[in-house]
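Peer 1: Input: one structure, supplied below.
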Amino acid sequence: MHRVTIRQEIIDRVLARRGRHHLYDSLDPATTAFVVIDMQNMFCSPGAPAEVPASRGICEPINRLAAELRALGGLVIWITSATTYANGKSDWEHFIRTFVAEEIQQRTIEALRPNGPGEEIWHELEVNE
């Protein structure tokens, strides 16, 4: 699980403005969506060009939340990133050439190929389509 901390001064500012920690007291599952973004091989697989090792540690909480929301009538949406091509160039071309290390740029482009292995949802996640 990600170790997330929020500075106390931010918590104090929110409490002063809003009077409570959470924005909503409850959510109606029938009108709630859980959106899972980029939990795909490109970011989760060991050795992938854009591997985020901590991503694998949040699979079980994602599965639990998704299962509970589905059971209550909510919607789970899975979003993956992929690259498309026009005129022989990736729509991620500028990002990749600017921010990705030169030695893995081509691997990154290949891994983000639409319907390729890098775009597939990480195997530990329960998509339940």
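FYI, nothing fancy with the structure tokens labels: chains A, B, ... in order, residues from 1 per chain, ligands from 1 as they appear.
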Which of chain A end up as strand (DSSP E) when DSSP is run on this backbone - answer as number ranges by chain?
Peer 2: A: 33-37, 75-79, 85-86, 89-90
Peer 1: With only C-alpha atoms counted and 9 Å as the cut-off, give the residues of stretch 7-39 of chain A in contact with stretch 55-76 of chain A, each with its shortest interatomic distance in Å and the pair that gives it, as JSON lines.
Peer 2:
```
{"residue": "A:Asp28", "atom": "CA", "partner": "A:Gly74", "partner_atom": "CA", "distance": 8.3}
{"residue": "A:Pro29", "atom": "CA", "partner": "A:Gly74", "partner_atom": "CA", "distance": 4.8}
{"residue": "A:Ala30", "atom": "CA", "partner": "A:Gly74", "partner_atom": "CA", "distance": 4.8}
{"residue": "A:Thr31", "atom": "CA", "partner": "A:Gly74", "partner_atom": "CA", "distance": 6.5}
{"residue": "A:Thr32", "atom": "CA", "partner": "A:Gly74", "partner_atom": "CA", "distance": 5.5}
{"residue": "A:Ala33", "atom": "CA", "partner": "A:Leu75", "partner_atom": "CA", "distance": 4.7}
{"residue": "A:Phe34", "atom": "CA", "partner": "A:Val76", "partner_atom": "CA", "distance": 4.8}
{"residue": "A:Val35", "atom": "CA", "partner": "A:Val76", "partner_atom": "CA", "distance": 6.0}
{"residue": "A:Val36", "atom": "CA", "partner": "A:Val76", "partner_atom": "CA", "distance": 7.5}
{"residue": "A:Met39", "atom": "CA", "partner": "A:Ser55", "partner_atom": "CA", "distance": 7.3}
```
Peer 1: Per residue of stretch 17-90 of chain A within 12 Å of stretch 95-100 of chain A, record the nearest atom pair and its distance in Å to one decimal, counting only C-alpha atoms, with rows in chain order and ascending residue number, as a tab-separated table.
Peer 2:
```
residue	atom	partner	partner_atom	distance
A:Pro49	CA	A:Val100	CA	9.0
A:Ala50	CA	A:Val100	CA	8.8
A:Thr83	CA	A:Ile96	CA	10.6
A:Lys89	CA	A:Ile96	CA	11.2
A:Ser90	CA	A:Ile96	CA	9.0
```
